[in-house]
$ cat final.cif   # mmCIF, C-alpha atoms
data_work
#
loop_
_atom_site.label_atom_id
_atom_site.label_comp_id
_atom_site.auth_asym_id
_atom_site.auth_seq_id
_atom_site.Cartn_x
_atom_site.Cartn_y
_atom_site.Cartn_z
CA MET A 1 3.30 18.11 56.66
CA LYS A 2 4.57 14.78 57.93
CA PRO A 3 2.78 11.61 56.78
CA ALA A 4 0.18 10.08 59.07
CA PRO A 5 1.39 7.15 61.23
CA ALA A 6 0.92 3.74 59.61
CA LEU A 7 -1.21 2.59 62.56
CA GLN A 8 -2.90 5.84 63.51
CA LYS A 9 -4.72 5.86 66.83
CA HIS A 10 -7.23 8.30 68.26
CA PHE A 11 -8.04 8.72 71.96
CA LEU A 12 -11.74 9.54 72.06
CA GLN A 13 -12.79 7.42 75.04
CA ILE A 14 -11.11 5.11 77.53
CA LYS A 15 -12.02 1.93 75.65
CA ASP A 16 -9.97 3.07 72.63
CA LEU A 17 -6.84 1.57 74.24
CA ARG A 18 -6.07 -1.84 75.76
CA ALA A 19 -4.86 -2.62 79.28
CA GLU A 20 -1.31 -3.28 78.06
CA GLU A 21 -1.27 0.14 76.39
CA TYR A 22 -2.37 1.78 79.65
CA ALA A 23 0.37 -0.04 81.52
CA TYR A 24 2.86 1.39 79.03
CA LEU A 25 1.35 4.90 79.24
CA PHE A 26 1.45 5.00 83.03
CA GLU A 27 5.07 3.84 83.07
CA ARG A 28 5.96 6.49 80.49
CA THR A 29 4.11 9.06 82.60
CA ARG A 30 6.23 8.13 85.61
CA ILE A 31 9.43 8.53 83.60
CA ILE A 32 8.36 11.80 81.97
CA LYS A 33 7.22 13.28 85.29
CA THR A 34 10.47 12.29 86.98
CA ARG A 35 12.44 14.04 84.24
CA PHE A 36 10.26 17.13 84.65
CA LYS A 37 10.82 17.20 88.43
CA ASN A 38 14.58 16.79 87.92
CA TYR A 39 14.67 19.66 85.38
CA GLU A 40 15.86 17.29 82.67
CA LYS A 41 15.18 18.58 79.18
CA TYR A 42 13.17 16.07 77.16
CA GLN A 43 11.81 17.21 73.79
CA PRO A 44 10.87 14.24 71.59
CA LEU A 45 8.09 16.23 69.88
CA ALA A 46 10.33 18.95 68.43
CA ASP A 47 8.86 20.36 65.20
CA ARG A 48 5.46 18.78 65.97
CA THR A 49 2.35 20.95 66.22
CA LEU A 50 -0.76 20.42 68.35
CA ALA A 51 -4.02 22.13 67.37
CA MET A 52 -6.34 22.68 70.35
CA ILE A 53 -9.99 23.36 69.49
CA PHE A 54 -12.19 24.63 72.32
CA GLU A 55 -15.95 24.81 72.00
CA LYS A 56 -16.13 24.51 75.80
CA ALA A 57 -13.93 26.77 77.89
CA SER A 58 -11.29 25.28 80.17
CA THR A 59 -8.49 26.14 82.56
CA ARG A 60 -6.84 22.79 83.27
CA THR A 61 -7.28 21.30 79.79
CA ARG A 62 -5.72 24.27 78.03
CA VAL A 63 -2.82 24.78 80.44
CA SER A 64 -1.99 21.07 80.74
CA PHE A 65 -1.96 20.42 76.98
CA GLU A 66 -0.28 23.68 76.02
CA ALA A 67 2.42 23.57 78.69
CA GLY A 68 2.92 19.86 78.09
CA MET A 69 3.39 20.25 74.34
CA TYR A 70 5.86 23.10 74.78
CA GLN A 71 7.83 21.11 77.35
CA MET A 72 8.03 18.22 74.88
CA GLY A 73 9.53 20.59 72.29
CA GLY A 74 6.44 21.12 70.14
CA SER A 75 4.25 24.09 69.35
CA VAL A 76 0.55 24.81 69.83
CA VAL A 77 -2.24 26.45 67.83
CA HIS A 78 -5.15 27.49 70.07
CA LEU A 79 -8.58 27.78 68.43
CA THR A 80 -11.96 28.65 69.92
CA THR A 81 -15.46 28.38 68.46
CA GLY A 82 -15.15 31.85 67.00
CA ASP A 83 -11.88 30.96 65.26
CA THR A 84 -13.20 27.99 63.29
CA HIS A 85 -16.10 26.94 61.11
CA LEU A 86 -16.48 23.68 63.07
CA GLY A 87 -20.04 22.50 62.53
CA ARG A 88 -21.27 25.86 61.22
CA SER A 89 -20.78 27.03 57.65
CA GLU A 90 -18.33 24.22 56.90
CA PRO A 91 -18.93 20.49 57.44
CA ILE A 92 -16.94 19.03 60.32
CA GLU A 93 -15.29 16.59 57.93
CA ASP A 94 -13.96 19.42 55.74
CA THR A 95 -12.56 21.25 58.77
CA ALA A 96 -10.85 18.04 59.86
CA ARG A 97 -9.34 17.44 56.43
CA VAL A 98 -7.85 20.95 56.33
CA ILE A 99 -6.56 21.22 59.91
CA SER A 100 -5.07 17.72 59.90
CA ARG A 101 -2.97 18.58 56.83
CA MET A 102 -1.32 21.42 58.74
CA VAL A 103 -0.68 19.95 62.20
CA ASP A 104 0.46 16.65 63.71
CA LEU A 105 -2.11 16.20 66.47
CA VAL A 106 -5.54 17.62 67.37
CA MET A 107 -7.17 17.98 70.79
CA ILE A 108 -10.87 18.90 70.85
CA ARG A 109 -13.02 19.95 73.81
CA THR A 110 -16.62 20.12 72.65
CA PHE A 111 -20.23 19.13 73.36
CA GLU A 112 -21.57 16.04 71.53
CA GLN A 113 -19.29 13.01 71.21
CA ALA A 114 -20.64 12.55 67.69
CA LYS A 115 -18.88 15.75 66.63
CA ILE A 116 -15.42 14.58 67.69
CA GLU A 117 -16.07 11.13 66.20
CA ARG A 118 -16.87 12.74 62.84
CA PHE A 119 -13.77 14.90 63.03
CA ALA A 120 -11.55 11.93 63.84
CA ALA A 121 -13.00 9.85 61.00
CA ALA A 122 -11.87 12.50 58.50
CA SER A 123 -8.56 13.39 60.17
CA ARG A 124 -5.20 12.17 58.93
CA VAL A 125 -3.61 12.79 62.35
CA PRO A 126 -4.47 11.51 65.84
CA VAL A 127 -7.36 13.21 67.66
CA ILE A 128 -7.64 13.45 71.46
CA ASN A 129 -10.85 14.00 73.39
CA GLY A 130 -10.28 16.91 75.80
CA LEU A 131 -13.88 16.51 77.04
CA THR A 132 -17.30 15.89 75.55
CA ASN A 133 -20.75 15.61 77.09
CA GLU A 134 -20.34 11.84 77.16
CA TYR A 135 -16.69 11.21 78.10
CA HIS A 136 -13.67 12.79 79.79
CA PRO A 137 -10.92 10.20 79.21
CA CYS A 138 -7.87 12.39 79.84
CA GLN A 139 -9.10 13.29 83.31
CA VAL A 140 -9.62 9.65 84.25
CA LEU A 141 -6.12 8.88 82.93
CA ALA A 142 -4.76 11.47 85.36
CA ASP A 143 -6.91 10.15 88.21
CA ILE A 144 -5.76 6.57 87.74
CA PHE A 145 -2.12 7.59 87.48
CA THR A 146 -2.53 9.60 90.69
CA PHE A 147 -3.90 6.52 92.45
CA ILE A 148 -0.98 4.43 91.15
CA GLU A 149 1.44 7.11 92.30
CA HIS A 150 0.03 7.07 95.85
CA ARG A 151 -0.88 3.39 96.25
CA GLY A 152 1.19 1.46 93.71
CA ALA A 153 4.44 -0.45 94.14
CA ARG A 154 7.67 1.51 93.74
CA GLY A 155 10.39 0.70 91.26
CA GLY A 156 10.81 0.69 87.50
CA ASN A 157 9.96 -3.02 87.11
CA ALA A 158 6.67 -2.86 89.02
CA ASP A 159 3.44 -3.44 87.08
CA PRO A 160 1.65 -0.08 87.31
CA LEU A 161 -1.74 -1.76 86.97
CA ALA A 162 -1.25 -4.28 89.79
CA CYS A 163 -2.44 -1.89 92.50
CA LEU A 164 -5.77 -1.44 90.72
CA GLN A 165 -6.82 -5.09 90.82
CA GLY A 166 -9.89 -5.63 92.98
CA LYS A 167 -10.00 -2.04 94.20
CA VAL A 168 -13.25 -0.10 94.70
CA VAL A 169 -13.83 3.43 93.44
CA ALA A 170 -16.89 5.22 94.84
CA TRP A 171 -18.48 7.63 92.39
CA VAL A 172 -20.81 10.05 94.19
CA GLY A 173 -22.90 12.53 92.21
CA ASP A 174 -23.95 12.96 88.61
CA GLY A 175 -23.92 10.05 86.16
CA ASN A 176 -21.99 12.23 83.73
CA ASN A 177 -19.00 12.02 81.37
CA MET A 178 -16.63 11.35 84.27
CA ALA A 179 -18.78 8.48 85.55
CA ASN A 180 -18.95 6.98 82.06
CA SER A 181 -15.16 7.12 81.70
CA TRP A 182 -14.62 5.57 85.15
CA LEU A 183 -16.88 2.63 84.20
CA GLN A 184 -14.94 2.03 81.00
CA ALA A 185 -11.66 2.11 82.92
CA ALA A 186 -12.99 -0.38 85.48
CA GLU A 187 -14.01 -2.83 82.77
CA ILE A 188 -10.57 -2.68 81.13
CA LEU A 189 -8.28 -2.44 84.16
CA GLY A 190 -9.93 -4.79 86.65
CA PHE A 191 -11.37 -2.66 89.44
CA LYS A 192 -14.97 -1.89 90.43
CA VAL A 193 -16.95 1.33 90.60
CA HIS A 194 -19.65 1.90 93.21
CA VAL A 195 -22.05 4.43 91.72
CA SER A 196 -24.52 6.54 93.67
CA THR A 197 -26.53 9.24 91.93
CA PRO A 198 -29.86 10.95 92.63
CA GLY A 199 -32.88 9.54 90.82
CA GLY A 200 -33.05 10.80 87.26
CA TYR A 201 -29.27 11.32 87.03
CA GLU A 202 -28.16 7.69 86.77
CA VAL A 203 -25.39 6.39 84.54
CA ASP A 204 -26.72 5.05 81.25
CA PRO A 205 -24.80 1.80 80.56
CA ALA A 206 -25.49 2.17 76.83
CA VAL A 207 -23.85 5.61 76.76
CA ALA A 208 -21.04 4.49 79.05
CA GLY A 209 -20.39 1.68 76.58
CA VAL A 210 -19.64 -1.06 79.11
CA LYS A 211 -20.51 -4.69 78.41
CA ASP A 212 -19.47 -6.24 81.71
CA ARG A 213 -22.03 -5.16 84.33
CA SER A 214 -19.93 -6.75 87.06
CA CYS A 215 -17.45 -3.86 86.83
CA TYR A 216 -19.86 -1.57 88.69
CA ALA A 217 -22.64 -1.60 91.27
CA VAL A 218 -25.37 0.97 91.88
CA PHE A 219 -26.34 2.23 95.34
CA ASP A 220 -29.29 4.41 96.28
CA HIS A 221 -27.43 6.04 99.17
CA PRO A 222 -23.94 7.53 98.74
CA LEU A 223 -22.84 6.29 102.16
CA GLN A 224 -23.40 2.72 100.95
CA ALA A 225 -21.36 3.40 97.82
CA CYS A 226 -18.46 4.72 99.92
CA ALA A 227 -18.37 1.74 102.29
CA GLY A 228 -14.97 0.07 101.97
CA ALA A 229 -13.91 2.19 98.98
CA HIS A 230 -10.24 2.74 98.24
CA LEU A 231 -11.01 5.98 96.40
CA VAL A 232 -13.95 8.39 96.70
CA THR A 233 -14.45 10.81 93.83
CA THR A 234 -17.03 13.28 92.60
CA ASP A 235 -17.66 16.17 90.21
CA VAL A 236 -19.71 19.35 90.13
CA TRP A 237 -23.47 18.90 90.25
CA THR A 238 -24.01 20.93 87.10
CA SER A 239 -21.63 20.21 84.24
CA MET A 240 -20.90 22.72 81.50
CA GLY A 241 -23.82 22.97 79.10
CA TYR A 242 -26.44 22.12 81.74
CA GLU A 243 -26.50 25.47 83.54
CA ALA A 244 -30.25 25.89 82.96
CA GLU A 245 -30.79 22.93 85.31
CA ASN A 246 -28.67 24.40 88.11
CA GLU A 247 -31.39 25.11 90.70
CA GLU A 248 -33.19 21.84 90.00
CA ARG A 249 -29.92 19.96 90.41
CA ARG A 250 -29.06 21.74 93.69
CA LYS A 251 -32.25 20.35 95.20
CA ALA A 252 -31.83 16.86 93.76
CA PHE A 253 -28.18 16.47 94.81
CA VAL A 254 -28.36 17.87 98.33
CA ASP A 255 -27.64 14.46 99.93
CA TRP A 256 -24.75 13.75 97.54
CA CYS A 257 -22.20 16.11 99.08
CA VAL A 258 -19.06 14.15 99.91
CA ASP A 259 -18.43 14.83 103.58
CA GLU A 260 -16.40 13.44 106.46
CA GLU A 261 -19.05 10.79 107.20
CA MET A 262 -18.71 9.37 103.69
CA MET A 263 -14.92 9.36 103.91
CA ALA A 264 -15.16 7.62 107.29
CA ALA A 265 -17.26 4.89 105.65
CA ALA A 266 -14.47 4.29 103.11
CA ARG A 267 -11.22 2.55 103.99
CA PRO A 268 -9.00 4.42 106.48
CA ASP A 269 -6.41 5.01 103.75
CA ALA A 270 -8.96 5.98 101.07
CA LEU A 271 -8.05 8.85 98.76
CA PHE A 272 -10.37 11.65 97.68
CA MET A 273 -10.34 13.06 94.14
CA HIS A 274 -12.22 15.78 92.28
CA CYS A 275 -11.59 16.76 88.66
CA LEU A 276 -12.10 20.48 89.48
CA PRO A 277 -13.32 23.18 89.51
CA ALA A 278 -14.87 22.45 92.91
CA HIS A 279 -17.66 24.16 94.81
CA ARG A 280 -16.99 23.72 98.52
CA GLY A 281 -20.23 23.15 100.38
CA GLU A 282 -21.99 21.69 97.32
CA GLU A 283 -20.56 18.44 95.92
CA VAL A 284 -17.82 18.29 98.58
CA THR A 285 -17.15 19.88 101.94
CA ALA A 286 -14.09 22.03 102.55
CA GLU A 287 -13.01 19.58 105.27
CA VAL A 288 -12.74 16.78 102.70
CA ILE A 289 -11.24 18.54 99.67
CA ASP A 290 -8.73 20.41 101.83
CA GLY A 291 -8.20 17.46 104.18
CA PRO A 292 -5.39 14.91 104.49
CA GLN A 293 -7.01 12.29 102.23
CA SER A 294 -7.42 14.69 99.32
CA VAL A 295 -4.99 14.40 96.40
CA VAL A 296 -6.77 16.85 94.09
CA TRP A 297 -3.68 19.01 93.47
CA ASP A 298 -1.53 16.04 92.48
CA GLU A 299 -4.45 14.89 90.33
CA ALA A 300 -4.65 18.28 88.60
CA GLU A 301 -0.90 18.42 87.91
CA ASN A 302 -0.93 14.88 86.57
CA ARG A 303 -3.22 15.92 83.73
CA MET A 304 -0.15 17.45 82.13
CA HIS A 305 2.12 14.46 82.67
CA VAL A 306 -0.27 11.76 81.43
CA GLN A 307 -1.15 13.87 78.40
CA LYS A 308 2.52 14.28 77.58
CA ALA A 309 2.87 10.49 77.63
CA LEU A 310 -0.30 10.15 75.55
CA MET A 311 0.86 12.63 72.91
CA GLU A 312 4.25 10.93 72.73
CA TYR A 313 2.57 7.54 72.25
CA LEU A 314 0.11 8.72 69.60
CA LEU A 315 2.83 10.44 67.58
CA LEU A 316 5.88 8.22 68.12
CA GLY A 317 4.55 4.86 69.26
CA ARG A 318 6.38 2.93 71.96
CA ILE A 319 9.74 4.32 73.06
CA GLY A 320 12.49 1.77 73.69
#
$ encode --input "final.cif" --output "structure tokens"
Amino acid sequence: MKPAPALQKHFLQIKDLRAEEYAYLFERTRIIKTRFKNYEKYQPLADRTLAMIFEKASTRTRVSFEAGMYQMGGSVVHLTTGDTHLGRSEPIEDTARVISRMVDLVMIRTFEQAKIERFAAASRVPVINGLTNEYHPCQVLADIFTFIEHRGARGGNADPLACLQGKVVAWVGDGNNMANSWLQAAEILGFKVHVSTPGGYEVDPAVAGVKDRSCYAVFDHPLQACAGAHLVTTDVWTSMGYEAENEERRKAFVDWCVDEEMMAAARPDALFMHCLPAHRGEEVTAEVIDGPQSVVWDEAENRMHVQKALMEYLLLGRIG
């Protein structure tokens, strides 16, 4: 087992890193993705092992982390709830102490944020949040990089964060883990989020963990939130773990389906994003998600590339 980094970092929510670190990560993502597209072998994580612990099932999280780690030269151990004693017969801290002595990096996709925080506190290796009830930081990393890729300046010397300054992101739907992570990103990176949710499903600023209320504005009607937006984004109406509320949510969210009228209210060059999986005809119409402003497939692929840059940074620090 290799020793833990002298300045070990975890990535449990967006506010765990500073703006300058995000600028570095997005530039590394660009470089790593370019190498991938050019079929250039790049394996800086040879002999490193990633443990992936899933208490919530996933398609994109598993494939993006597993493929990414293999492409970087490392190996992966995949664990599900049935494979571990996480939070059951063994304290979370004990599980963390054991697993982190055998691997170099841990990614956890679970329910309560408190569980991953406890694991990280006892871990001797970096821990990454693959999703919790409260936050989904890796997805927002991919979303922001996708926006930079489509709307940022070209060239290796360009500031990747410059294109975010003063921009407006419209969040339409549930005030969930994605909304919380978008608010944190806005506070750190200098853009604004227009939030529109049904009554009873608002973002809780205390849970989101934002101090600067000027980084977001709340709108009762989603059309108002979309007005002038550079990016319109949404998520499913019923997140994993809330399936018992499905019918109630269908009724409450009926006016929060992102449609062509909402996209028309945004800027003419506005992008549409969705973290997937999507339900056409519920949170978004087929015309929007399959339309010319949608970048959801680039967004999905970019999960892998930003996570490769993140793993490289957490294990090796800055390159060059």
$ atom_distance --input "final.cif" --atom1 "atom CA of Thr238 of chain A" --atom2 "atom CA of Ala67 of chain A"
27.9 Å
$ closest_atom_pairs --input "final.cif" --of "segment 234-260 of chain A" --to "segment 206-225 of chain A" --cutoff "9 Å" --atoms "all atoms listed in the file" --output "Markdown table"
| residue | atom | partner | partner_atom | distance |
| --- | --- | --- | --- | --- |
| A:Asp255 | CA | A:Pro222 | CA | 7.9 |
| A:Trp256 | CA | A:Pro222 | CA | 6.4 |
| A:Cys257 | CA | A:Pro222 | CA | 8.8 |
| A:Val258 | CA | A:Pro222 | CA | 8.3 |
$ atom_distance --input "final.cif" --atom1 "atom CA of His78 of chain A" --atom2 "atom CA of Met52 of chain A"
5.0 Å
$ closest_atom_pairs --input "final.cif" --of "segment 30-81 of chain A" --to "segment 102-111 of chain A" --cutoff "6 Å" --atoms "only C-alpha atoms" --output "tab-separated table"
residue	atom	partner	partner_atom	distance
A:Arg48	CA	A:Asp104	CA	5.9
A:Thr49	CA	A:Val103	CA	5.1
A:Leu50	CA	A:Leu105	CA	4.8
A:Ala51	CA	A:Val106	CA	4.8
A:Met52	CA	A:Met107	CA	4.8
A:Ile53	CA	A:Ile108	CA	4.7
A:Phe54	CA	A:Arg109	CA	5.0
A:Glu55	CA	A:Thr110	CA	4.8
A:Lys56	CA	A:Thr110	CA	5.4
$ write_last_selection --input "final.cif" --atoms "C-alpha atoms" --output "PDB file, in the coordinates of the input"
ATOM      1  CA  ARG A  48       5.460  18.780  65.970  1.00  0.00           C
ATOM      2  CA  THR A  49       2.350  20.950  66.220  1.00  0.00           C
ATOM      3  CA  LEU A  50      -0.760  20.420  68.350  1.00  0.00           C
ATOM      4  CA  ALA A  51      -4.020  22.130  67.370  1.00  0.00           C
ATOM      5  CA  MET A  52      -6.340  22.680  70.350  1.00  0.00           C
ATOM      6  CA  ILE A  53      -9.990  23.360  69.490  1.00  0.00           C
ATOM      7  CA  PHE A  54     -12.190  24.630  72.320  1.00  0.00           C
ATOM      8  CA  GLU A  55     -15.950  24.810  72.000  1.00  0.00           C
ATOM      9  CA  LYS A  56     -16.130  24.510  75.800  1.00  0.00           C
TER      10      LYS A  56
END
$ closest_residue --input "final.cif" --among "A:Val284, A:Met273, A:Val168, A:Leu17" --to "Ala229 of chain A" --atoms "all atoms listed in the file"
A:Val168
$ resolve_selection --input "final.cif" --expression "the PyMOL selection byres ((chain A and resi 310) around 10)" --output "ChimeraX atom specification"
/A:11,22,24-26,28-29,128,138,141,304-309,311-317
$ atom_distance --input "final.cif" --atom1 "atom CA of Phe191 of chain A" --atom2 "atom CA of Arg267 of chain A"
15.5 Å
$ closest_residue --input "final.cif" --among "A:Ala122, A:Leu183, A:Ala270, A:Ile289" --to "His10 of chain A" --atoms "only C-alpha atoms"
A:Ala122
$ closest_residue --input "final.cif" --among "A:Glu282, A:Asp159, A:Met69, A:Gly199" --to "Asn246 of chain A" --atoms "all atoms listed in the file"
A:Glu282
$ residues_around --input "final.cif" --residues "Gly190 of chain A" --least-positions-apart "4" --cutoff "8 Å" --atoms "all atoms listed in the file" --output "VMD selection string"
chain A and resid 164 to 166 186 215
$ write_last_selection --input "final.cif" --atoms "C-alpha atoms" --output "PDB file, in the frame of the given file"
ATOM      1  CA  LEU A 164      -5.770  -1.440  90.720  1.00  0.00           C
ATOM      2  CA  GLN A 165      -6.820  -5.090  90.820  1.00  0.00           C
ATOM      3  CA  GLY A 166      -9.890  -5.630  92.980  1.00  0.00           C
ATOM      4  CA  ALA A 186     -12.990  -0.380  85.480  1.00  0.00           C
ATOM      5  CA  CYS A 215     -17.450  -3.860  86.830  1.00  0.00           C
TER       6      CYS A 215
END
$ closest_residue --input "final.cif" --among "A:Glu20, A:Glu299, A:Asp269, A:Gly200" --to "Glu149 of chain A" --atoms "only C-alpha atoms"
A:Glu299
$ closest_residue --input "final.cif" --among "A:Met240, A:Pro44, A:Ala227, A:Glu283" --to "Ala252 of chain A" --atoms "all atoms listed in the file"
A:Glu283
$ resolve_selection --input "final.cif" --expression "the PyMOL selection byres ((chain A and resi 91-94) around 10)" --output "PDB file with C-alpha atoms, in the frame of the given file"
ATOM      1  CA  HIS A  85     -16.100  26.940  61.110  1.00  0.00           C
ATOM      2  CA  LEU A  86     -16.480  23.680  63.070  1.00  0.00           C
ATOM      3  CA  GLY A  87     -20.040  22.500  62.530  1.00  0.00           C
ATOM      4  CA  ARG A  88     -21.270  25.860  61.220  1.00  0.00           C
ATOM      5  CA  SER A  89     -20.780  27.030  57.650  1.00  0.00           C
ATOM      6  CA  GLU A  90     -18.330  24.220  56.900  1.00  0.00           C
ATOM      7  CA  THR A  95     -12.560  21.250  58.770  1.00  0.00           C
ATOM      8  CA  ALA A  96     -10.850  18.040  59.860  1.00  0.00           C
ATOM      9  CA  ARG A  97      -9.340  17.440  56.430  1.00  0.00           C
ATOM     10  CA  VAL A  98      -7.850  20.950  56.330  1.00  0.00           C
ATOM     11  CA  ILE A  99      -6.560  21.220  59.910  1.00  0.00           C
ATOM     12  CA  SER A 100      -5.070  17.720  59.900  1.00  0.00           C
ATOM     13  CA  LYS A 115     -18.880  15.750  66.630  1.00  0.00           C
ATOM     14  CA  ILE A 116     -15.420  14.580  67.690  1.00  0.00           C
ATOM     15  CA  GLU A 117     -16.070  11.130  66.200  1.00  0.00           C
ATOM     16  CA  ARG A 118     -16.870  12.740  62.840  1.00  0.00           C
ATOM     17  CA  PHE A 119     -13.770  14.900  63.030  1.00  0.00           C
ATOM     18  CA  ALA A 120     -11.550  11.930  63.840  1.00  0.00           C
ATOM     19  CA  ALA A 121     -13.000   9.850  61.000  1.00  0.00           C
ATOM     20  CA  ALA A 122     -11.870  12.500  58.500  1.00  0.00           C
ATOM     21  CA  SER A 123      -8.560  13.390  60.170  1.00  0.00           C
TER      22      SER A 123
END
$ closest_residue --input "final.cif" --among "A:Tyr201, A:Trp182, A:Tyr42, A:Phe253" --to "Thr233 of chain A" --atoms "all atoms listed in the file"
A:Trp182
$ resolve_selection --input "final.cif" --expression "the PyMOL selection byres ((chain A and resi 259) around 8)" --output "count of residues only"
10
$ residues_near_point --input "final.cif" --point "(6.9, 17.8, 72.7)" --cutoff "6 Å" --atoms "only C-alpha atoms" --output "PyMOL selection string"
chain A and resi 43-46+69-74
$ residues_around --input "final.cif" --residues "Tyr135 of chain A" --least-positions-apart "4" --cutoff "9 Å" --atoms "all atoms listed in the file" --output "PDB file with C-alpha atoms, in the coordinates of the input"
ATOM      1  CA  LEU A  12     -11.740   9.540  72.060  1.00  0.00           C
ATOM      2  CA  GLN A  13     -12.790   7.420  75.040  1.00  0.00           C
ATOM      3  CA  ILE A  14     -11.110   5.110  77.530  1.00  0.00           C
ATOM      4  CA  GLN A 113     -19.290  13.010  71.210  1.00  0.00           C
ATOM      5  CA  ASN A 129     -10.850  14.000  73.390  1.00  0.00           C
ATOM      6  CA  GLY A 130     -10.280  16.910  75.800  1.00  0.00           C
ATOM      7  CA  LEU A 131     -13.880  16.510  77.040  1.00  0.00           C
ATOM      8  CA  ASN A 176     -21.990  12.230  83.730  1.00  0.00           C
ATOM      9  CA  ASN A 177     -19.000  12.020  81.370  1.00  0.00           C
ATOM     10  CA  MET A 178     -16.630  11.350  84.270  1.00  0.00           C
ATOM     11  CA  ALA A 179     -18.780   8.480  85.550  1.00  0.00           C
ATOM     12  CA  ASN A 180     -18.950   6.980  82.060  1.00  0.00           C
ATOM     13  CA  SER A 181     -15.160   7.120  81.700  1.00  0.00           C
ATOM     14  CA  ALA A 208     -21.040   4.490  79.050  1.00  0.00           C
TER      15      ALA A 208
END
